[in-house]
Every structure is written in structure tokens, then in C-alpha cells.
file coords.cif (mmCIF, C-alpha atoms)
data_work
#
loop_
_atom_site.label_atom_id
_atom_site.label_comp_id
_atom_site.auth_asym_id
_atom_site.auth_seq_id
_atom_site.Cartn_x
_atom_site.Cartn_y
_atom_site.Cartn_z
CA MET F 28 13.96 -26.41 -41.23
CA PRO F 29 15.00 -23.85 -43.91
CA VAL F 30 13.03 -21.31 -41.88
CA LEU F 31 15.02 -22.16 -38.74
CA ALA F 32 18.28 -21.62 -40.62
CA ARG F 33 17.13 -18.11 -41.46
CA THR F 34 15.93 -17.47 -37.88
CA LEU F 35 19.25 -18.54 -36.34
CA GLU F 36 21.31 -16.67 -38.91
CA ALA F 37 19.27 -13.52 -38.27
CA SER F 38 19.96 -13.98 -34.54
CA GLY F 39 23.70 -13.64 -35.16
CA LEU F 40 24.76 -17.27 -35.69
CA SER F 41 26.58 -18.51 -38.82
CA THR F 42 24.64 -21.51 -40.09
CA ILE F 43 25.19 -24.35 -42.51
CA MET F 44 22.29 -26.62 -43.45
CA VAL F 45 22.78 -30.07 -45.00
CA THR F 46 19.71 -31.23 -46.89
CA MET F 47 18.39 -33.67 -49.45
CA MET F 48 15.87 -31.03 -50.56
CA PRO F 49 17.82 -28.11 -52.08
CA PHE F 50 14.48 -27.39 -53.79
CA TRP F 51 13.14 -25.97 -50.51
CA ALA F 52 16.44 -24.37 -49.52
CA GLU F 53 16.27 -22.31 -52.70
CA LYS F 54 12.58 -21.44 -52.38
CA VAL F 55 12.88 -20.34 -48.74
CA GLY F 56 16.30 -18.69 -49.09
CA VAL F 57 18.62 -20.57 -46.74
CA PRO F 58 21.90 -18.72 -46.02
CA ARG F 59 24.30 -21.65 -46.76
CA THR F 60 23.34 -25.11 -47.97
CA LEU F 61 25.13 -28.35 -48.75
CA ALA F 62 22.82 -30.58 -50.82
CA VAL F 63 23.21 -34.36 -50.60
CA GLU F 64 21.38 -36.91 -52.72
CA PHE F 65 20.55 -39.13 -49.77
CA PRO F 66 17.25 -40.66 -48.65
CA PHE F 67 15.19 -38.83 -46.02
CA GLY F 68 16.12 -39.43 -42.41
CA HIS F 69 19.76 -40.09 -43.42
CA THR F 70 21.07 -36.57 -43.93
CA LEU F 71 24.69 -37.30 -42.99
CA GLY F 72 24.83 -40.90 -44.21
CA GLN F 73 24.25 -44.49 -43.21
CA PRO F 74 24.26 -45.65 -39.57
CA HIS F 75 27.82 -46.49 -38.46
CA ASN F 76 29.33 -45.45 -41.82
CA VAL F 77 31.75 -43.08 -40.11
CA ASP F 78 33.85 -42.35 -43.22
CA GLN F 79 30.78 -41.33 -45.20
CA GLN F 80 29.47 -39.16 -42.34
CA LEU F 81 32.86 -37.45 -42.05
CA ARG F 82 33.04 -36.75 -45.78
CA VAL F 83 29.65 -35.02 -45.68
CA ILE F 84 30.56 -33.07 -42.53
CA ASP F 85 33.88 -31.99 -44.09
CA GLN F 86 32.04 -30.73 -47.15
CA ALA F 87 29.53 -28.88 -44.96
CA LEU F 88 32.30 -27.19 -42.99
CA LYS F 89 34.00 -26.18 -46.22
CA VAL F 90 30.78 -24.54 -47.44
CA LEU F 91 30.54 -22.68 -44.14
CA GLU F 92 34.15 -21.57 -44.41
CA THR F 93 34.27 -20.52 -48.04
CA GLU F 94 30.87 -19.39 -49.31
CA ASP F 95 30.30 -15.67 -49.01
CA THR F 96 27.02 -15.18 -50.86
CA PRO F 97 23.70 -15.45 -48.99
CA GLY F 98 21.65 -18.26 -50.54
CA SER F 99 24.65 -20.35 -51.65
CA ILE F 100 23.81 -23.97 -52.45
CA VAL F 101 26.69 -26.39 -53.02
CA HIS F 102 25.88 -29.86 -54.41
CA SER F 103 27.75 -32.81 -52.94
CA SER F 104 28.95 -35.54 -55.31
CA GLU F 105 28.38 -38.22 -52.65
CA THR F 106 26.20 -41.08 -53.88
CA TRP F 107 23.95 -43.35 -51.85
CA PRO F 108 25.34 -46.91 -51.81
CA GLU F 109 22.01 -48.80 -51.83
CA PRO F 110 19.93 -49.55 -54.96
CA LEU F 111 17.38 -46.78 -55.57
CA ASN F 112 14.26 -48.88 -55.06
CA GLU F 113 15.52 -50.24 -51.75
CA ALA F 114 16.55 -46.81 -50.50
CA LYS F 115 13.25 -45.32 -51.62
CA ALA F 116 11.30 -47.96 -49.70
CA ASN F 117 13.55 -48.04 -46.63
CA TRP F 118 13.32 -44.41 -45.58
CA GLN F 119 9.54 -44.33 -45.54
CA PRO F 120 7.53 -45.07 -42.40
CA LYS F 121 5.85 -48.47 -42.19
CA GLU F 122 2.43 -46.78 -42.06
CA PRO F 123 1.72 -43.77 -44.29
CA SER F 124 1.64 -40.57 -42.23
CA PRO F 125 -1.82 -39.29 -41.27
CA ILE F 126 -1.67 -36.35 -43.70
CA ILE F 127 -0.70 -38.62 -46.59
CA GLU F 128 -3.76 -40.73 -45.90
CA VAL F 129 -5.94 -37.63 -45.88
CA MET F 130 -4.40 -35.78 -48.79
CA THR F 131 -3.62 -38.48 -51.35
CA PRO F 132 -7.16 -38.67 -52.77
CA GLN F 133 -7.38 -34.86 -52.88
CA VAL F 134 -4.01 -34.46 -54.63
CA LEU F 135 -4.91 -37.16 -57.15
CA LYS F 136 -8.14 -35.28 -57.89
CA LEU F 137 -6.21 -32.03 -58.37
CA LEU F 138 -3.72 -33.73 -60.69
CA ARG F 139 -6.53 -35.24 -62.75
CA GLN F 140 -8.10 -31.77 -63.06
CA LYS F 141 -4.78 -30.27 -64.18
CA ARG F 142 -4.34 -33.02 -66.73
CA GLY F 143 -7.90 -32.42 -67.94
CA GLU F 144 -7.16 -28.70 -68.42
CA LYS F 145 -4.21 -29.51 -70.66
CA LEU F 146 -6.20 -31.86 -72.93
CA MET V 25 25.61 -33.18 -61.22
CA PRO V 26 23.15 -31.19 -59.14
CA VAL V 27 21.31 -33.08 -56.41
CA ASP V 28 17.85 -34.25 -57.46
CA SER V 29 15.53 -33.25 -54.59
CA PHE V 30 12.88 -35.65 -55.84
CA LYS V 31 14.95 -38.78 -56.36
CA PHE V 32 13.74 -40.60 -53.25
CA LEU V 33 10.27 -39.05 -52.97
CA PRO V 34 7.08 -40.84 -53.98
CA ARG V 35 5.98 -39.25 -57.25
CA ILE V 36 2.72 -37.89 -55.86
CA ILE V 37 4.51 -35.87 -53.14
CA GLY V 38 7.11 -34.60 -55.60
CA THR V 39 4.44 -33.50 -58.07
CA TYR V 40 2.60 -31.68 -55.33
CA TYR V 41 5.77 -29.92 -54.12
CA LYS V 42 6.59 -28.78 -57.64
CA MET V 43 3.21 -27.06 -57.82
CA THR V 44 4.06 -24.93 -54.76
CA LYS V 45 4.71 -21.31 -55.54
CA ARG V 46 7.14 -19.67 -53.13
CA GLU V 47 9.85 -17.07 -53.48
CA PRO V 48 12.52 -16.31 -50.87
CA GLU V 49 12.09 -13.22 -48.78
CA PHE V 50 15.05 -10.92 -49.44
CA PRO V 51 17.49 -10.10 -48.06
CA ILE V 52 18.51 -13.58 -46.97
CA PRO V 53 19.89 -13.24 -43.41
CA TRP V 54 23.67 -13.37 -43.20
CA THR V 55 26.10 -13.57 -40.30
CA PRO V 56 29.70 -13.76 -41.54
CA LEU V 57 31.82 -16.53 -40.08
CA PRO V 58 33.62 -14.88 -37.15
CA GLY V 59 37.02 -16.40 -38.02
CA PRO V 60 38.73 -19.73 -38.70
CA LEU V 61 36.75 -22.85 -37.76
CA SER V 62 39.42 -23.70 -35.17
CA GLY V 63 38.08 -20.75 -33.18
CA CYS V 64 34.37 -21.52 -33.65
CA LYS V 65 32.08 -23.18 -31.15
CA PHE V 66 29.31 -25.22 -32.76
CA GLY V 67 25.73 -26.06 -31.96
CA LEU V 68 23.76 -28.91 -33.56
CA ILE V 69 20.09 -28.96 -34.54
CA THR V 70 18.00 -31.53 -36.38
CA SER V 71 14.34 -31.77 -37.31
CA GLY V 72 14.34 -35.56 -36.95
CA GLY V 73 11.90 -35.66 -34.03
CA LEU V 74 14.55 -36.87 -31.56
CA TYR V 75 14.11 -36.73 -27.79
CA HIS V 76 15.88 -37.79 -24.60
CA LYS V 77 14.00 -40.88 -23.43
CA GLY V 78 12.86 -40.80 -19.82
CA VAL V 79 13.76 -37.11 -19.47
CA GLU V 80 11.47 -35.35 -21.93
CA PRO V 81 8.29 -36.54 -23.61
CA PRO V 82 8.15 -37.56 -27.28
CA PHE V 83 6.73 -35.08 -29.78
CA ASP V 84 2.94 -35.05 -29.70
CA ILE V 85 2.31 -37.48 -32.52
CA GLU V 86 -0.88 -38.68 -30.85
CA ARG V 87 -2.43 -35.27 -31.47
CA GLU V 88 -1.10 -35.35 -35.03
CA LYS V 89 -2.86 -38.69 -35.56
CA ARG V 90 -6.11 -37.08 -34.39
CA GLU V 91 -5.46 -33.84 -36.29
CA PRO V 92 -3.43 -34.75 -39.38
CA LYS V 93 -3.12 -31.11 -40.47
CA TRP V 94 -1.27 -30.20 -37.24
CA GLY V 95 2.41 -30.79 -36.39
CA ASP V 96 4.11 -30.31 -33.00
CA PRO V 97 6.19 -27.07 -33.15
CA THR V 98 8.08 -27.56 -29.85
CA TYR V 99 11.67 -28.74 -29.50
CA ARG V 100 13.61 -31.19 -27.36
CA THR V 101 17.02 -30.96 -25.70
CA LEU V 102 19.63 -33.72 -26.07
CA PRO V 103 22.87 -33.62 -24.07
CA ILE V 104 25.86 -34.32 -26.32
CA ASP V 105 26.98 -37.16 -24.05
CA ILE V 106 23.64 -38.96 -24.42
CA GLN V 107 23.79 -42.75 -24.71
CA GLN V 108 22.47 -44.14 -27.98
CA SER V 109 19.92 -46.24 -26.06
CA ASP V 110 18.48 -43.04 -24.53
CA VAL V 111 17.75 -41.48 -27.92
CA GLY V 112 14.06 -41.66 -28.85
CA ALA V 113 12.46 -40.62 -32.11
CA SER V 114 8.86 -39.60 -32.71
CA HIS V 115 8.27 -38.71 -36.33
CA LEU V 116 5.43 -40.14 -38.42
CA HIS V 117 6.93 -39.16 -41.79
CA ILE V 118 10.19 -41.13 -41.83
CA ASN V 119 11.44 -44.55 -40.81
CA THR V 120 13.40 -43.79 -37.63
CA GLN V 121 15.21 -47.13 -37.43
CA GLY V 122 18.48 -45.71 -38.80
CA VAL V 123 18.77 -42.87 -36.32
CA LEU V 124 17.87 -45.19 -33.45
CA GLU V 125 20.91 -47.27 -34.47
CA ASP V 126 23.24 -44.29 -34.89
CA VAL V 127 22.23 -40.80 -33.82
CA ASN V 128 25.10 -39.33 -35.87
CA ILE V 129 23.19 -39.63 -39.14
CA LEU V 130 20.99 -36.74 -37.97
CA LEU V 131 22.70 -35.28 -34.93
CA PRO V 132 26.46 -35.85 -35.31
CA ILE V 133 27.41 -35.53 -31.65
CA HIS V 134 30.22 -38.07 -31.83
CA ARG V 135 31.65 -36.78 -35.10
CA PHE V 136 31.72 -33.22 -33.73
CA ARG V 137 33.26 -34.26 -30.43
CA GLU V 138 36.01 -35.86 -32.52
CA LEU V 139 36.46 -32.57 -34.41
CA VAL V 140 36.88 -30.80 -31.06
CA ASP V 141 39.44 -33.38 -29.93
CA GLU V 142 41.36 -32.89 -33.19
CA GLY V 143 41.33 -29.12 -32.69
CA ARG V 144 39.52 -28.50 -35.97
CA ILE V 145 36.75 -26.63 -34.14
CA ALA V 146 36.95 -24.85 -30.80
CA GLY V 147 34.02 -26.47 -29.06
CA LEU V 148 30.55 -27.98 -29.10
CA ALA V 149 27.52 -26.78 -27.14
CA GLU V 150 26.64 -29.07 -24.22
CA SER V 151 23.09 -29.42 -25.53
CA ALA V 152 21.86 -30.20 -29.03
CA TYR V 153 18.26 -29.58 -30.05
CA SER V 154 15.69 -31.43 -32.09
CA PHE V 155 12.54 -30.22 -33.73
CA MET V 156 10.07 -32.43 -35.60
CA GLY V 157 9.98 -31.45 -39.23
CA TYR V 158 6.29 -31.86 -40.02
CA GLN V 159 4.71 -28.48 -39.28
CA GLY V 160 1.21 -29.15 -40.48
CA PHE V 161 -0.58 -28.83 -43.76
CA PRO V 162 -0.25 -26.30 -45.16
CA PRO V 163 2.96 -25.84 -43.13
CA ASP V 164 2.82 -23.19 -40.44
CA THR V 165 6.29 -22.28 -39.18
CA ASN V 166 5.29 -19.15 -37.26
CA ALA V 167 5.89 -20.78 -33.87
CA TRP V 168 9.40 -21.76 -34.98
CA GLN V 169 10.20 -18.28 -36.26
CA ASP V 170 8.57 -16.28 -33.48
CA SER V 171 9.25 -18.43 -30.45
CA TYR V 172 11.02 -21.80 -30.45
CA GLY V 173 13.72 -20.99 -33.00
CA LEU V 174 14.57 -17.81 -31.10
CA ASP V 175 14.70 -19.77 -27.81
CA VAL V 176 17.26 -22.15 -29.25
CA ALA V 177 19.28 -19.29 -30.73
CA GLU V 178 19.40 -17.64 -27.27
CA LYS V 179 20.41 -20.88 -25.58
CA PHE V 180 23.24 -21.35 -28.07
CA LYS V 181 24.41 -17.78 -27.62
CA ALA V 182 24.36 -18.19 -23.85
CA GLU V 183 26.88 -21.00 -24.43
CA GLU V 184 28.94 -18.71 -26.68
CA VAL V 185 28.16 -20.74 -29.78
CA ASN V 186 28.82 -18.93 -33.04
CA CYS V 187 28.20 -21.63 -35.70
CA VAL V 188 25.27 -24.00 -36.12
CA LEU V 189 24.88 -27.14 -38.24
CA LEU V 190 21.28 -27.84 -39.20
CA THR V 191 20.27 -31.28 -40.42
CA PRO V 192 16.67 -31.60 -41.56
CA ALA V 193 15.45 -35.17 -41.73
#
call {"tool": "encode", "arguments": {"input": "coords.cif", "output": "C-alpha cells"}}
result
Amino acid sequence: MPVLARTLEASGLSTIMVTMMPFWAEKVGVPRTLAVEFPFGHTLGQPHNVDQQLRVIDQALKVLETEDTPGSIVHSSETWPEPLNEAKANWQPKEPSPIIEVMTPQVLKLLRQKRGEKL
Amino acid sequence: MPVDSFKFLPRIIGTYYKMTKREPEFPIPWTPLPGPLSGCKFGLITSGGLYHKGVEPPFDIEREKREPKWGDPTYRTLPIDIQQSDVGASHLHINTQGVLEDVNILLPIHRFRELVDEGRIAGLAESAYSFMGYQGFPPDTNAWQDSYGLDVAEKFKAEEVNCVLLTPA
């Protein structure tokens, strides 16, 4: 999605992206970003938590209104109300995605190699 | 405190991401806000894999199951007066239960209609759009940049939208 923010902005639209992964926003170079420390799939908050959703949207609109430097990333101070372990488990799909099934053994192998190089 | 991008990620995915080398392409595109928000018309986009049930098909997750290194690059159109029960979600990388209970956590159609009613923004595009965030491995976003993203930009501009909120999932 960081790429789409750039595409739309380059087409003449003023964009604001809200994301839990400012890591990618920075690497790709998103015009304006509000970062939230929320679990995946819940970018603006919890279902039916209207106050929380509005706080995040207000912050996003403020970033859009006030930031004037391309690549700005503003970090929200909102916190996720559920315990970390629950939130971490709840956002994930019931079945691992197909690519995770394919790649996990390969990534583990790569990590073991890297670790071996350091020893 | 800065947001920790890796807080909710399984460690193996986070470790892999951190090994990725990528630098932004400069200059970063920039369109100045045309004026106060009260004069801006908004469009909404998510990458949550949402679709309008019974009107458009889900994203092609069956092909993704057969070809795990491929992700559907197309997009779906959701009218902003869609009923919650007509919102579908096809995304193999997140639990979609939350968004099926309340679309506003990814596509805030009700919150933005309220902002219009309050006069804080000038308007909201009649259609919102959803992509599906998984674009293959390694990710290939060329179709988004060269085709589908431009389509959506043109559709927004045809509705005289000048601001867009993007909510990746």
C-alpha cells in the first residue's frame, strides 16, 4: 500500500496513510504517514469502538493538514487495549497463509546460515 | 514513543523484513493540500481484501492457494452506503472477523459520512476501493503502479476528490 500512496499522490491527490508498519512507509517513501501501534487488520481501531476510531482519524487529518515535508511520519500515542499475546494471536488467520507455509523452512535455513556466519 | 512496527508480528516475519534492503526513490511525490479540510472531498482506500458481496467476486485467493508466490493485484469497488452484511473479505494473511463486524476499522465509511455531516470535510466519494495487500513473494507492485492504482486515481478525480485516506491492513 505504500506504493499506492505514492501513485495517488503523483496523480495529483493529497494522501494520508495510516499504518502499523511505519518501517515500510519509511523504506518506500510515503508522502504522509500516521503510525499506529495496532494489530494488523485493525488499522483504525477495534470494531464498534467509535471513540477510538475517531481519535485515530482526527490524528490522521491533522497530519494531512499540518505536515509539509514529503516523507513525514507522525507516531500516534494510541495504545491497543488488549493484552499483547491475545492481540498478537487474534489478528492472525486461523490457517497460516500459503506463502508462510512455503517460506518458513527456507527463512529458518537462511537465519541459521546467518547465525553460523557470525560464530 | 515511536510505534514499533514489529510488536504484533511473529518473530520470523519481523526478522525477515529487517533483512530487506530498500531505499525510497526520491523525490517523494507531493501534492499540497488544496486548502482547509472543510473544502476537501475525500476518497477512501484499503488493502484489506474487501469486496461487495453478490456484486463483485472475491479476490482470487484460490489461485493464491495454488500459487503461493502470487497475489491478486486487482481492486474492488464498495459503495459508501453499503450494508455491513454485504461486505465480504478475502485475505489469507489476516483474520477478517473484525472487519466483517465493523467495516470502519479498515474503510471508515460511517466515520467519514459523519465528518461530512458535521461540515469538517466537504464530501466523500460515492465509491471506496479495496485492494488485497499481499502482492506476491517477492512483492510485485507493478500492476498497482502502472494500472490499477492509476485507475482508482482517475475515478477519484472524476468525482472531484482531492484527498485520499489509505488504510493498509
call {"tool": "atom_distance", "arguments": {"input": "coords.cif", "atom1": "CA of Val45 in chain F", "atom2": "CA of Pro110 in chain F"}}
result
22.1 Å
call {"tool": "residues_around", "arguments": {"input": "coords.cif", "residues": "Gly39 in chain F", "least_positions_apart": "5", "cutoff": "9 Å", "atoms": "all atoms listed in the file", "output": "compact mmCIF listing (two decimals) with C-alpha atoms, keeping the file's coordinate frame"}}
result
# COMPACT_ATOMS: atom_id res chain seq x y z
CA TRP V 54 23.67 -13.37 -43.20
CA THR V 55 26.10 -13.57 -40.30
CA PRO V 56 29.70 -13.76 -41.54
CA ALA V 177 19.28 -19.29 -30.73
CA LYS V 181 24.41 -17.78 -27.62
CA ASN V 186 28.82 -18.93 -33.04
call {"tool": "atom_distance", "arguments": {"input": "coords.cif", "atom1": "CA of Ala182 in chain V", "atom2": "CA of Leu91 in chain F"}}
result
21.7 Å
call {"tool": "closest_residue", "arguments": {"input": "coords.cif", "among": "F:Met130, F:Leu88, F:Ala32, F:Ala116", "to": "Val101 in chain F", "atoms": "all atoms listed in the file"}}
result
F:Leu88
call {"tool": "closest_residue", "arguments": {"input": "coords.cif", "among": "V:Phe50, V:Tyr75, V:Phe30, V:Phe155", "to": "Val111 in chain V", "atoms": "all atoms listed in the file"}}
result
V:Tyr75
call {"tool": "resolve_selection", "arguments": {"input": "coords.cif", "expression": "the PyMOL selection byres ((chain F and resi 52) around 10)", "output": "PyMOL selection string"}}
result
(chain F and resi 28-30+32+44-51+53-62+98-100) or (chain V and resi 48)
call {"tool": "closest_residue", "arguments": {"input": "coords.cif", "among": "V:Leu57, V:Ile37, V:Val140, V:Val176", "to": "Ile43 in chain F", "atoms": "all atoms listed in the file"}}
result
V:Leu57
call {"tool": "residues_around", "arguments": {"input": "coords.cif", "residues": "Glu109 in chain F", "least_positions_apart": "4", "cutoff": "12 Å", "atoms": "only C-alpha atoms", "output": "PyMOL selection string"}}
result
(chain F and resi 64-66+72-73+113-118) or (chain V and resi 32)
call {"tool": "residues_around", "arguments": {"input": "coords.cif", "residues": "Thr98 in chain V", "least_positions_apart": "6", "cutoff": "8 Å", "atoms": "all atoms listed in the file", "output": "list in words"}}
result
Phe83, Phe155, Met156, Trp168 and Tyr172 of chain V
call {"tool": "closest_residue", "arguments": {"input": "coords.cif", "among": "F:Asn112, F:Thr106, F:Gln119, F:Asn76", "to": "chain V", "atoms": "all atoms listed in the file"}}
result
F:Gln119
call {"tool": "resolve_selection", "arguments": {"input": "coords.cif", "expression": "the PyMOL selection byres ((chain V and resi 68) around 8)", "output": "PyMOL selection string"}}
result
chain V and resi 66-67+69-70+131-133+149+152-153+188-190
call {"tool": "closest_residue", "arguments": {"input": "coords.cif", "among": "V:Lys93, V:His76, V:Arg137, V:Lys45", "to": "Gln107 in chain V", "atoms": "all atoms listed in the file"}}
result
V:His76
call {"tool": "atom_distance", "arguments": {"input": "coords.cif", "atom1": "CA of Glu94 in chain F", "atom2": "CA of Ala37 in chain F"}}
result
17.1 Å
call {"tool": "closest_residue", "arguments": {"input": "coords.cif", "among": "V:Ser151, V:Thr39, V:Asn119, V:Gln108", "to": "chain F", "atoms": "only C-alpha atoms"}}
result
V:Asn119
